[in-house]
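Asks: This is the content of work.cif (mmCIF, C-alpha atoms and all ligand atoms):
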data_final
#
loop_
_atom_site.label_atom_id
_atom_site.label_comp_id
_atom_site.auth_asym_id
_atom_site.auth_seq_id
_atom_site.Cartn_x
_atom_site.Cartn_y
_atom_site.Cartn_z
CA MET A 132 -1.01 -13.68 20.55
CA GLU A 133 -4.74 -13.43 20.77
CA ILE A 134 -6.07 -9.92 21.07
CA CYS A 135 -9.63 -8.95 21.55
CA LEU A 136 -10.51 -5.54 20.19
CA VAL A 137 -13.59 -3.92 21.54
CA GLU A 138 -14.65 -0.60 20.13
CA SER A 139 -18.28 0.51 19.94
CA ASN A 140 -19.93 -2.11 17.76
CA PHE A 141 -16.64 -3.75 16.86
CA ILE A 142 -15.55 -6.90 18.64
CA PHE A 143 -12.90 -8.95 16.99
CA ALA A 144 -10.54 -11.63 18.20
CA LEU A 145 -7.38 -11.77 16.20
CA ASP A 146 -4.49 -14.14 16.06
CA TRP A 147 -2.19 -12.24 13.72
CA ARG A 148 0.03 -15.26 13.07
CA LYS A 149 -2.81 -16.99 11.28
CA LYS A 150 -3.32 -16.02 7.69
CA ALA A 151 -7.07 -16.58 7.77
CA SER A 152 -7.31 -14.22 10.69
CA CYS A 153 -5.32 -11.60 8.81
CA ARG A 154 -7.53 -11.86 5.78
CA LYS A 155 -10.59 -11.57 7.95
CA LEU A 156 -9.15 -8.48 9.55
CA ALA A 157 -8.24 -6.98 6.19
CA VAL A 158 -11.81 -7.40 5.01
CA HIS A 159 -13.16 -6.13 8.29
CA LEU A 160 -10.91 -3.09 8.28
CA LYS A 161 -12.47 -1.92 5.07
CA SER A 162 -15.59 -0.86 6.90
CA PHE A 163 -13.62 1.62 9.00
CA ASN A 164 -12.34 5.05 8.15
CA PRO A 165 -8.57 5.59 8.02
CA PHE A 166 -8.42 6.90 11.57
CA GLN A 167 -10.13 3.89 13.00
CA ARG A 168 -8.03 1.54 10.90
CA GLU A 169 -4.79 3.00 12.20
CA TRP A 170 -6.15 2.83 15.71
CA ILE A 171 -7.04 -0.83 15.28
CA LYS A 172 -3.70 -1.63 13.66
CA SER A 173 -1.89 0.05 16.52
CA HIS A 174 -3.54 -2.45 18.84
CA ILE A 175 -2.19 -5.38 16.91
CA GLY A 176 1.27 -4.32 17.91
CA PHE A 177 3.19 -3.82 14.68
CA ASP A 178 1.91 -0.62 13.26
CA SER A 179 1.91 2.86 14.53
CA PHE A 180 -0.75 5.48 14.79
CA ASP A 181 1.08 7.85 12.58
CA LEU A 182 -1.60 8.57 10.07
CA ILE A 183 -2.49 12.02 11.18
CA ASP A 184 -1.65 13.97 14.27
CA PRO A 185 -5.06 14.59 15.83
CA SER A 186 -3.95 18.02 16.96
CA THR A 187 -3.69 19.18 13.34
CA SER A 188 -6.51 20.30 11.14
CA ASP A 189 -6.13 17.14 9.05
CA PHE A 190 -8.14 15.54 11.75
CA GLN A 191 -11.07 17.75 10.87
CA TYR A 192 -11.03 16.43 7.35
CA TYR A 193 -11.04 12.77 8.17
CA ALA A 194 -12.76 12.80 11.54
CA GLY A 195 -14.80 9.70 12.17
CA PRO A 196 -16.88 8.46 15.08
CA LEU A 197 -13.83 8.03 17.32
CA ALA A 198 -13.64 10.91 19.74
CA HIS A 199 -10.65 13.22 19.65
CA ARG A 200 -9.67 12.45 23.23
CA GLU A 201 -9.70 8.74 22.50
CA LEU A 202 -7.32 9.23 19.61
CA LEU A 203 -4.97 11.22 21.79
CA ARG A 204 -5.14 8.55 24.46
CA PHE A 205 -4.24 5.81 22.02
CA LYS A 206 -1.56 7.86 20.39
CA ASN A 207 0.27 7.69 23.70
CA SER A 208 -0.55 4.06 24.28
CA GLN A 209 2.23 1.59 24.97
CA TRP A 210 0.91 -0.60 22.18
CA LEU A 211 2.22 1.79 19.61
CA ALA A 212 5.35 0.51 17.93
CA GLN A 213 7.18 2.05 15.02
CA ASN A 214 7.46 -0.41 12.20
CA ARG A 215 9.25 1.88 9.81
CA LEU A 216 12.80 1.48 8.59
CA PHE A 217 13.79 4.53 10.62
CA LYS A 218 12.59 5.46 14.06
CA SER A 219 12.88 9.03 12.95
CA LEU A 220 14.49 10.30 9.80
CA PRO A 221 18.16 11.20 10.16
CA PHE A 222 17.74 13.69 7.30
CA LYS A 223 15.17 16.15 5.98
CA VAL A 224 12.23 14.82 4.01
CA ASN A 225 13.04 15.44 0.39
CA GLU A 226 10.71 16.49 -2.33
CA ASN A 227 11.11 13.50 -4.56
CA PHE A 228 11.71 9.81 -4.29
CA THR A 229 15.15 9.68 -5.91
CA ALA A 230 16.58 12.18 -3.47
CA PHE A 231 14.90 10.37 -0.61
CA ARG A 232 16.25 6.99 -1.74
CA LYS A 233 19.82 8.27 -2.08
CA GLN A 234 19.72 9.74 1.40
CA ALA A 235 17.92 6.76 2.89
CA GLU A 236 20.34 4.25 1.47
CA THR A 237 23.33 5.98 2.99
CA HIS A 238 21.61 6.12 6.36
CA LEU A 239 20.17 2.64 6.45
CA PRO A 240 21.88 0.36 8.92
CA ASP A 241 23.12 -2.93 7.48
CA TYR A 242 20.90 -4.78 9.85
CA PHE A 243 18.05 -3.85 12.13
CA SER A 244 19.08 -5.68 15.25
CA ASP A 245 16.04 -4.45 17.14
CA VAL A 246 13.65 -5.87 14.62
CA ILE A 247 10.76 -7.94 15.89
CA THR A 248 11.01 -11.37 14.32
CA LEU A 249 8.10 -13.65 13.71
CA GLU A 250 8.26 -16.78 15.80
CA LYS A 251 6.15 -19.30 13.98
CA GLY A 252 2.88 -19.69 12.21
CA VAL A 253 1.45 -19.27 8.76
CA ILE A 254 2.90 -15.84 8.05
CA LYS A 255 6.40 -17.03 8.87
CA GLU A 256 5.84 -20.04 6.63
CA GLN A 257 4.70 -17.76 3.82
CA LEU A 258 7.86 -15.68 4.13
CA ASP A 259 10.11 -18.74 4.54
CA SER A 260 8.63 -20.30 1.45
CA TYR A 261 9.13 -17.10 -0.55
CA PHE A 262 12.75 -16.74 0.53
CA ARG A 263 13.45 -20.47 -0.03
CA SER A 264 12.36 -20.07 -3.65
CA SER A 265 14.20 -18.42 -6.52
CA SER A 266 11.54 -15.68 -6.73
CA PRO A 267 13.56 -12.97 -4.92
CA SER A 268 16.40 -13.37 -7.40
CA LEU A 269 14.00 -13.03 -10.35
CA TYR A 270 11.83 -10.21 -9.03
CA PHE A 271 13.11 -7.54 -11.43
CA GLU A 272 12.15 -9.64 -14.46
CA THR A 273 8.83 -10.89 -13.14
CA ARG A 274 7.43 -7.96 -11.17
CA ASN A 275 5.32 -6.67 -14.09
CA SER A 276 3.53 -9.97 -14.63
CA LEU A 277 -0.21 -9.62 -14.25
CA MET A 278 -0.66 -12.95 -12.51
CA GLY A 279 1.21 -15.54 -10.48
CA LYS A 280 2.04 -15.21 -6.81
CA GLU A 281 5.62 -16.28 -7.48
CA ASN A 282 6.10 -13.10 -9.52
CA ARG A 283 5.55 -10.70 -6.66
CA THR A 284 6.37 -10.60 -2.99
CA ASP A 285 2.80 -10.43 -1.67
CA PHE A 286 4.06 -8.32 1.25
CA SER A 287 1.50 -5.56 0.95
CA THR A 288 -1.43 -7.13 2.80
CA LEU A 289 0.78 -8.25 5.66
CA LEU A 290 2.24 -4.78 5.92
CA SER A 291 -1.05 -2.96 5.64
CA ILE A 292 -2.64 -4.80 8.54
CA GLY A 293 0.49 -4.60 10.65
CA ALA A 294 1.10 -8.36 10.66
CA VAL A 295 4.76 -8.04 9.80
CA ASP A 296 7.45 -5.53 10.59
CA VAL A 297 8.92 -3.93 7.48
CA ARG A 298 12.38 -4.15 9.04
CA GLU A 299 11.90 -7.93 9.30
CA LEU A 300 11.23 -7.97 5.55
CA TRP A 301 14.24 -5.78 4.86
CA ASN A 302 16.40 -8.16 6.96
CA ARG A 303 15.07 -11.18 5.11
CA VAL A 304 16.11 -9.66 1.79
CA SER A 305 19.54 -8.84 3.25
CA ASP A 306 19.87 -12.43 4.50
CA TYR A 307 18.96 -13.70 1.05
CA GLU A 308 21.58 -11.43 -0.48
CA ARG A 309 24.19 -12.75 1.93
CA ASP A 310 23.26 -16.44 1.72
CA VAL A 311 21.90 -16.93 -1.79
CA THR A 312 22.46 -14.11 -4.22
CA LYS A 313 22.56 -10.34 -4.40
CA ASN A 314 21.43 -8.90 -7.73
CA LYS A 315 19.25 -6.26 -9.37
CA SER A 316 16.12 -8.12 -8.26
CA THR A 317 16.98 -8.16 -4.57
CA TYR A 318 17.93 -4.49 -4.84
CA TRP A 319 14.57 -3.80 -6.48
CA ILE A 320 12.56 -5.40 -3.67
CA LYS A 321 14.31 -3.05 -1.26
CA PHE A 322 13.77 -0.21 -3.72
CA GLU A 323 10.00 -0.88 -3.68
CA LEU A 324 9.96 -1.02 0.11
CA LEU A 325 11.64 2.38 0.05
CA TRP A 326 8.82 3.69 -2.17
CA ARG A 327 6.39 2.69 0.52
CA GLU A 328 8.63 4.31 3.10
CA PHE A 329 8.93 7.45 1.01
CA PHE A 330 5.17 8.00 0.85
CA PHE A 331 4.92 7.61 4.61
CA TRP A 332 7.59 10.22 5.35
CA HIS A 333 6.54 12.48 2.53
CA TYR A 334 3.05 12.49 3.95
CA GLN A 335 4.42 13.66 7.31
CA LYS A 336 5.58 16.76 5.51
CA TRP A 337 2.64 17.43 3.21
CA GLY A 338 -0.21 16.19 5.37
CA ARG A 339 -3.68 16.93 4.16
CA GLN A 340 -2.50 18.06 0.72
CA TYR A 341 -2.57 14.32 0.01
CA PHE A 342 -6.38 14.58 -0.01
CA SER A 343 -6.70 17.85 -1.89
CA LEU A 344 -7.80 17.90 -5.54
CA ASN A 345 -4.70 19.86 -6.48
CA GLY A 346 -2.38 17.71 -4.40
CA LEU A 347 1.02 19.23 -3.82
CA LYS A 348 0.47 21.85 -6.52
CA GLY A 349 -2.13 23.72 -4.48
CA PRO A 350 -4.29 25.58 -3.75
CA LEU A 351 -6.04 23.39 -1.20
CA ASP A 352 -9.36 22.11 -2.52
CA PHE A 353 -11.47 19.73 -0.48
CA THR A 354 -14.66 20.06 -2.51
CA PRO A 355 -16.65 16.85 -2.10
CA PHE A 356 -16.00 14.17 -4.72
CA PRO A 357 -18.46 11.52 -5.93
CA LYS A 358 -18.19 8.01 -4.54
CA TYR A 359 -18.50 5.08 -6.93
CA SER A 360 -19.07 1.39 -6.45
CA LEU A 361 -17.56 -1.26 -8.73
CA GLU A 362 -21.03 -1.72 -10.24
CA ASP A 363 -21.18 1.99 -11.12
CA ILE A 364 -17.90 1.70 -13.01
CA LYS A 365 -19.03 -1.47 -14.80
CA LYS A 366 -21.91 0.55 -16.20
CA ILE A 367 -19.67 3.18 -17.78
CA ALA A 368 -16.41 1.37 -18.60
CA LYS A 369 -15.93 0.22 -22.18
CA SER A 370 -12.64 -1.61 -21.88
CA ASP A 371 -12.31 -5.40 -21.47
CA VAL A 372 -9.12 -4.96 -19.45
CA ILE A 373 -10.83 -2.61 -17.05
CA PHE A 374 -13.68 -5.09 -16.64
CA ALA A 375 -11.07 -7.73 -15.85
CA CYS A 376 -9.47 -5.40 -13.29
CA LEU A 377 -12.85 -4.69 -11.71
CA ASN A 378 -13.57 -8.42 -11.43
CA GLU A 379 -10.17 -9.15 -9.94
CA LEU A 380 -10.58 -6.33 -7.42
CA GLU A 381 -14.07 -7.47 -6.51
CA ASN A 382 -13.04 -11.10 -6.01
CA THR A 383 -9.63 -10.75 -4.42
CA GLY A 384 -9.31 -7.18 -3.12
CA TYR A 385 -6.05 -7.08 -5.05
CA MET A 386 -4.53 -5.84 -8.30
CA THR A 387 -0.87 -5.80 -9.27
CA ASN A 388 0.99 -2.52 -9.39
CA ARG A 389 0.77 -2.51 -13.19
CA THR A 390 -2.99 -3.04 -13.34
CA ARG A 391 -3.47 -0.42 -10.63
CA GLN A 392 -1.65 2.04 -12.88
CA TRP A 393 -3.77 1.10 -15.90
CA PHE A 394 -6.92 1.42 -13.88
CA ALA A 395 -5.94 4.84 -12.58
CA SER A 396 -5.01 6.02 -16.07
CA TYR A 397 -8.34 4.83 -17.51
CA TRP A 398 -10.17 6.40 -14.60
CA MET A 399 -8.65 9.84 -15.09
CA ASN A 400 -8.01 9.99 -18.84
CA ASP A 401 -10.79 7.93 -20.42
CA LEU A 402 -13.59 8.28 -17.89
CA SER A 403 -12.45 11.78 -16.86
CA LEU A 404 -13.23 11.07 -13.21
CA ASP A 405 -11.77 12.85 -10.20
CA TRP A 406 -8.61 11.08 -9.04
CA ARG A 407 -9.76 11.37 -5.44
CA SER A 408 -12.85 9.28 -6.27
CA GLY A 409 -10.48 6.60 -7.61
CA ALA A 410 -8.34 6.71 -4.46
CA ASP A 411 -11.54 6.48 -2.44
CA LEU A 412 -12.69 3.43 -4.44
CA PHE A 413 -9.35 1.68 -3.82
CA GLU A 414 -9.56 2.64 -0.17
CA ARG A 415 -12.83 0.74 0.10
CA TYR A 416 -11.93 -2.32 -1.98
CA LEU A 417 -8.21 -3.06 -1.59
CA VAL A 418 -7.27 -5.57 1.10
CA ASP A 419 -3.78 -4.06 1.27
CA TYR A 420 -5.07 -0.50 1.55
CA ASP A 421 -2.47 1.83 2.96
CA VAL A 422 -3.32 5.50 3.22
CA PHE A 423 0.12 6.81 2.24
CA SER A 424 0.82 4.44 -0.67
CA ASN A 425 -2.69 4.69 -2.04
CA TRP A 426 -3.19 8.44 -2.00
CA GLY A 427 0.46 9.04 -2.84
CA ASN A 428 0.30 6.83 -5.94
CA TRP A 429 -3.01 8.24 -7.14
CA MET A 430 -1.75 11.78 -6.68
CA TYR A 431 1.45 10.86 -8.51
CA LEU A 432 -0.44 9.41 -11.50
CA ALA A 433 -2.81 12.39 -11.53
CA GLY A 434 0.17 14.67 -12.07
CA VAL A 435 -0.32 16.59 -8.84
CA GLY A 436 2.08 14.54 -6.73
CA VAL A 437 5.80 13.90 -6.68
CA ASP A 438 6.09 12.95 -10.37
CA PRO A 439 7.58 15.89 -12.29
CA ARG A 440 6.35 14.43 -15.60
CA GLY A 441 2.68 15.34 -15.12
CA LYS A 442 -0.39 13.19 -15.61
CA ARG A 443 0.35 9.62 -16.71
CA TYR A 444 -1.39 8.00 -19.65
CA PHE A 445 -1.24 4.27 -20.42
CA ASN A 446 -2.27 2.98 -23.83
CA LEU A 447 -4.07 -0.17 -22.74
CA ASP A 448 -3.88 -1.95 -26.12
CA LYS A 449 -0.11 -1.52 -26.23
CA GLN A 450 0.23 -2.47 -22.59
CA MET A 451 -1.77 -5.65 -23.13
CA GLN A 452 0.42 -6.62 -26.08
CA MET A 453 3.47 -6.20 -23.86
CA TYR A 454 2.25 -7.70 -20.61
CA ASP A 455 -0.53 -10.09 -21.60
CA PRO A 456 0.30 -11.23 -25.16
CA HIS A 457 -1.62 -14.51 -24.77
CA SER A 458 -4.61 -12.86 -23.05
CA ASN A 459 -4.18 -15.02 -19.96
CA TYR A 460 -5.25 -12.19 -17.67
CA LEU A 461 -8.34 -11.52 -19.76
CA LYS A 462 -9.21 -15.23 -19.89
CA ARG A 463 -8.97 -15.40 -16.11
CA TRP A 464 -10.82 -12.23 -15.16
CA TYR A 465 -12.96 -11.00 -18.07
CA TYR A 466 -16.41 -12.50 -17.94
C1 LIG B 1 -2.98 3.74 -7.89
C2 LIG B 1 -2.19 2.87 -6.94
C3 LIG B 1 -2.68 2.62 -5.66
C4 LIG B 1 -1.93 1.83 -4.76
N1 LIG B 1 -2.43 1.61 -3.51
C5 LIG B 1 -1.71 0.87 -2.63
C6 LIG B 1 -2.20 0.62 -1.32
O1 LIG B 1 -3.29 1.05 -0.93
N2 LIG B 1 -1.45 -0.17 -0.49
C7 LIG B 1 -0.24 -0.68 -0.88
O2 LIG B 1 0.40 -1.38 -0.08
N3 LIG B 1 0.27 -0.41 -2.09
C8 LIG B 1 -0.43 0.33 -2.99
N4 LIG B 1 0.07 0.55 -4.25
C9 LIG B 1 1.44 0.09 -4.56
C10 LIG B 1 1.56 -1.32 -5.18
O3 LIG B 1 0.68 -1.44 -6.26
C11 LIG B 1 1.31 -2.45 -4.18
O4 LIG B 1 2.08 -2.26 -3.02
C12 LIG B 1 1.70 -3.81 -4.76
O5 LIG B 1 1.02 -4.05 -5.97
C13 LIG B 1 1.37 -4.90 -3.76
O6 LIG B 1 1.72 -6.19 -4.23
P1 LIG B 1 3.03 -6.91 -3.65
O7 LIG B 1 3.06 -6.87 -2.18
O8 LIG B 1 3.13 -8.26 -4.26
O9 LIG B 1 4.14 -5.91 -4.20
P2 LIG B 1 5.57 -6.07 -4.86
O10 LIG B 1 5.53 -5.64 -6.27
O11 LIG B 1 6.13 -7.41 -4.62
O12 LIG B 1 6.42 -4.96 -4.07
C14 LIG B 1 6.99 -5.21 -2.77
C15 LIG B 1 6.48 -4.19 -1.77
O13 LIG B 1 6.99 -2.90 -2.10
C16 LIG B 1 6.03 -1.88 -1.83
N5 LIG B 1 5.64 -1.22 -3.09
C17 LIG B 1 5.71 -1.74 -4.34
N6 LIG B 1 5.32 -0.82 -5.25
C18 LIG B 1 4.96 0.28 -4.55
C19 LIG B 1 4.46 1.57 -4.90
N7 LIG B 1 4.22 1.92 -6.19
N8 LIG B 1 4.18 2.44 -3.92
C20 LIG B 1 4.40 2.13 -2.60
N9 LIG B 1 4.88 0.94 -2.21
C21 LIG B 1 5.15 0.02 -3.16
C22 LIG B 1 4.83 -2.61 -1.19
O14 LIG B 1 4.97 -2.57 0.21
C23 LIG B 1 4.98 -4.04 -1.70
O15 LIG B 1 4.39 -4.99 -0.84
C24 LIG B 1 -0.67 1.32 -5.16
C25 LIG B 1 -0.20 1.56 -6.46
C26 LIG B 1 -0.96 2.32 -7.34
C27 LIG B 1 -0.44 2.54 -8.74
#
Would you mind writing the file out in C-alpha cells?

Replies:
Amino acid sequence: MEICLVESNFIFALDWRKKASCRKLAVHLKSFNPFQREWIKSHIGFDSFDLIDPSTSDFQYYAGPLAHRELLRFKNSQWLAQNRLFKSLPFKVNENFTAFRKQAETHLPDYFSDVITLEKGVIKEQLDSYFRSSSPSLYFETRNSLMGKENRTDFSTLLSIGAVDVRELWNRVSDYERDVTKNKSTYWIKFELLWREFFFWHYQKWGRQYFSLNGLKGPLDFTPFPKYSLEDIKKIAKSDVIFACLNELENTGYMTNRTRQWFASYWMNDLSLDWRSGADLFERYLVDYDVFSNWGNWMYLAGVGVDPRGKRYFNLDKQMQMYDPHSNYLKRWYY
C-alpha cells in the first residue's frame, strides 16, 4: 500500500511494508509534534488518533500548527482504526498496572479474529524470523540484556509508527504458545504489551496530568521546562555509562528498557533535571517514541506516576556489574 501524505510542507510517500520506509518515517516523524504524529499515523491505517480529544483543554497545551477543525475532521476520518487490544475497555480504568492487568487478562479474548494480518514484505519477515527462533521462549531471561536483537522483541518501532497491529503481535505470541511452547517468557512478552496498553488507557483517564510537573499527585503545573540536546547533556554528564547511552541514542534512536531506566534515574537524581525535560528529550530522539509509554514511564520513575514506591534510583556501578560484567556495552558505545 503506497500512501502519499500531503500536509503543509510535508510530502511523504510511504510503503509501510518496507522496513526502510518505516525507518524513514520514524525519523521523519520526530520533527512533528505529538498531535501531528498521531494524525500522520492515523493515515497509515493502523493507528488511531486517540492521543488527545481536541475538544478538551489538553489540546491547548500541545496545540501545534494543525488547525483545530482539521483535527476534528481527521478524528472522524474513515482511516482511523483502533489497534488496541480492546475496542473499548470492558471495565473501569484502574489506578495501577497490576489491577489493570488482572482485569484485562480475564477480559482478553483467546484470539482476535478481527485482527488485521500482514500479508507479506519485510515486516512480516521480521516477525516470522523472530517467531521461528527460540527467542520468544527465552525472553524472560534475556530481556535485560543491554545488546543483541535476539534478546528483545524489537516491536516498539513497528508499533509506534503504526506499521503493525498490536493484536497481530498478541496473536503471534498465542500461536507460538500453542505450536512451540508456553512458558514464563511468552507470558512476559504479553505482560509487556499490557504495560503499553495500560499507559494508553490510563492516559485516557488522567489526560494532561501526564505532562504536569506533579504528574498524578497534583496540583497541575505546566511551568515551562528547559529543552536539552544530546550535546548539552554530554557537557554535564560525568558517567561513562550515560555517555554510552547518549551515543547509542544518537546513532540508533534506541535504548533498551534497562538503559532508559538508568538514563532517567541519572537525569533526575544525579543531574537534578526536571523529568519533563527528559521525557521531552526522548520524545525528540527515540525512533519508537510513543506519547503514552514515554510520558507514563518517565512519570513513573519520577515518583509522580503510577508507582507507589516513589522516585526510583539506580546505582549505575552495581547495575553495570550485574548487566554488563564484561563491559561489552561500554566497549561498543563509549567513545
Ligand atoms: C523512561 C522510559 C521511556 C520509554 N519510552 C518509550 C517510548 O517512547 N516508546 C515505547 O514504545 N516504549 C517506551 N519505553 C518502554 C520500553 O523501554 C520500550 O518499549 C522497549 O525498550 C522497546 O524495545 P522492544 O520493542 O525490543 O521491547 P521488549 O522489551 O521486547 O518489549 C516488548 C514490547 O512491550 C512493550 N513494553 C515493554 N516495556 C514497556 C514499558 N516499560 N512500558 C510500556 N511498554 C513496554 C513495548 O511495546 C515493547 O515493544 C520507555 C521506557 C522508559 C523506562

Asks: As an exercise, work out the distance from atom CA of Lys255 of chain A to atom CA of Val297 of chain A in Å and give it to one decimal place.

Replies: 13.4 Å

Asks: Pick out the residues no farther than 7 Å from ligand LIG 1 (chain B), counting only C-alpha atoms and all ligand atoms, and list them as a ChimeraX atom specification.

Replies: /A:274,283-288,290-291,320,323-324,326-327,330,386-389,391-392,395,413-414,417,419-422,424-426,428-429

Asks: Between atom CA of Gln452 of chain A and atom CA of Lys365 of chain A, what is the distance in Å, rounded to a tenth?

Replies: 23.1 Å

Asks: Would you mind reading off the distance between atom CA of Leu402 of chain A and atom CA of Pro350 of chain A, one decimal, in Å?

Replies: 24.2 Å

Asks: I need the residue nearest Glu226 of chain A from this list: A:Tyr334, A:Trp406, A:Trp464, A:Tyr444. Use only C-alpha atoms for the distance.

Replies: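 Ranked by minimum distance to Glu226 of chain A, first place goes to A:Tyr334.
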
Asks: Closest to Gly346 of chain A among A:Ala433, A:Thr248, A:Lys218, A:Leu239, using only C-alpha atoms?

Replies: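 Using only C-alpha atoms, Gly346 of chain A sits closest to A:Ala433.
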
Asks: Which neighbours of Pro221 of chain A fall inside 10 Å, counting all atoms listed in the file, when residues of the same chain fewer than 6 positions from it are skipped, and could you give them as a list of chain:residue names?

Replies: A:Gln234, A:Ala235, A:His238, A:Leu239

Asks: Between A:Gly279, A:Pro240, A:Pro439, A:Pro357, which residue has the minimum interatomic distance to Leu412 of chain A, considering all atoms listed in the file?

Replies: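 Going through A:Gly279, A:Pro240, A:Pro439, A:Pro357 one by one, the smallest distance to Leu412 of chain A is for A:Pro357.
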
Asks: Would you list the contacts of Ser316 of chain A as a list in words, taking every protein, DNA or RNA residue within 7 Å and counting only C-alpha atoms, but skipping same-chain residues closer than 3 positions in sequence?

Replies: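 So the residues in contact are Pro267, Ser268, Leu269, Tyr270, Phe271, Trp319 and Ile320 of chain A.
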
Asks: Tell me which protein, DNA and RNA residues are within 10 Å of Ser305 of chain A, counting all atoms listed in the file, leaving out same-chain ones fewer than 4 positions away, and put them as a CSV table (one decimal) with C-alpha atoms, keeping the file's coordinate frame.

Replies:
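Ended up saving to selection_19.csv:
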chain,number,residue,atom,x,y,z
A,241,ASP,CA,23.1,-2.9,7.5
A,242,TYR,CA,20.9,-4.8,9.8
A,299,GLU,CA,11.9,-7.9,9.3
A,300,LEU,CA,11.2,-8.0,5.6
A,301,TRP,CA,14.2,-5.8,4.9
A,309,ARG,CA,24.2,-12.8,1.9
A,310,ASP,CA,23.3,-16.4,1.7
A,311,VAL,CA,21.9,-16.9,-1.8
A,312,THR,CA,22.5,-14.1,-4.2
A,313,LYS,CA,22.6,-10.3,-4.4
A,317,THR,CA,17.0,-8.2,-4.6
A,318,TYR,CA,17.9,-4.5,-4.8
A,321,LYS,CA,14.3,-3.0,-1.3

Asks: With all atoms listed in the file as the atoms that count, which of A:Asn446, A:Ser264, A:Thr229, A:Ser343 lies nearest to Gly427 of chain A?

Replies: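 For Gly427 of chain A, the nearest of the given residues is A:Ser343.
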
Asks: Which of these residues is nearest to Arg339 of chain A, using all atoms listed in the file: A:Val253, A:Arg463, A:Ile367, A:Phe423?

Replies: A:Phe423

Asks: Give the answer as one residue: which of A:Leu325, A:Leu361, A:Asp405, A:Leu277 has the shortest atom-to-atom distance to Asp455 of chain A, using only C-alpha atoms?

Replies: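 Going through A:Leu325, A:Leu361, A:Asp405, A:Leu277 one by one, the smallest distance to Asp455 of chain A is for A:Leu277.
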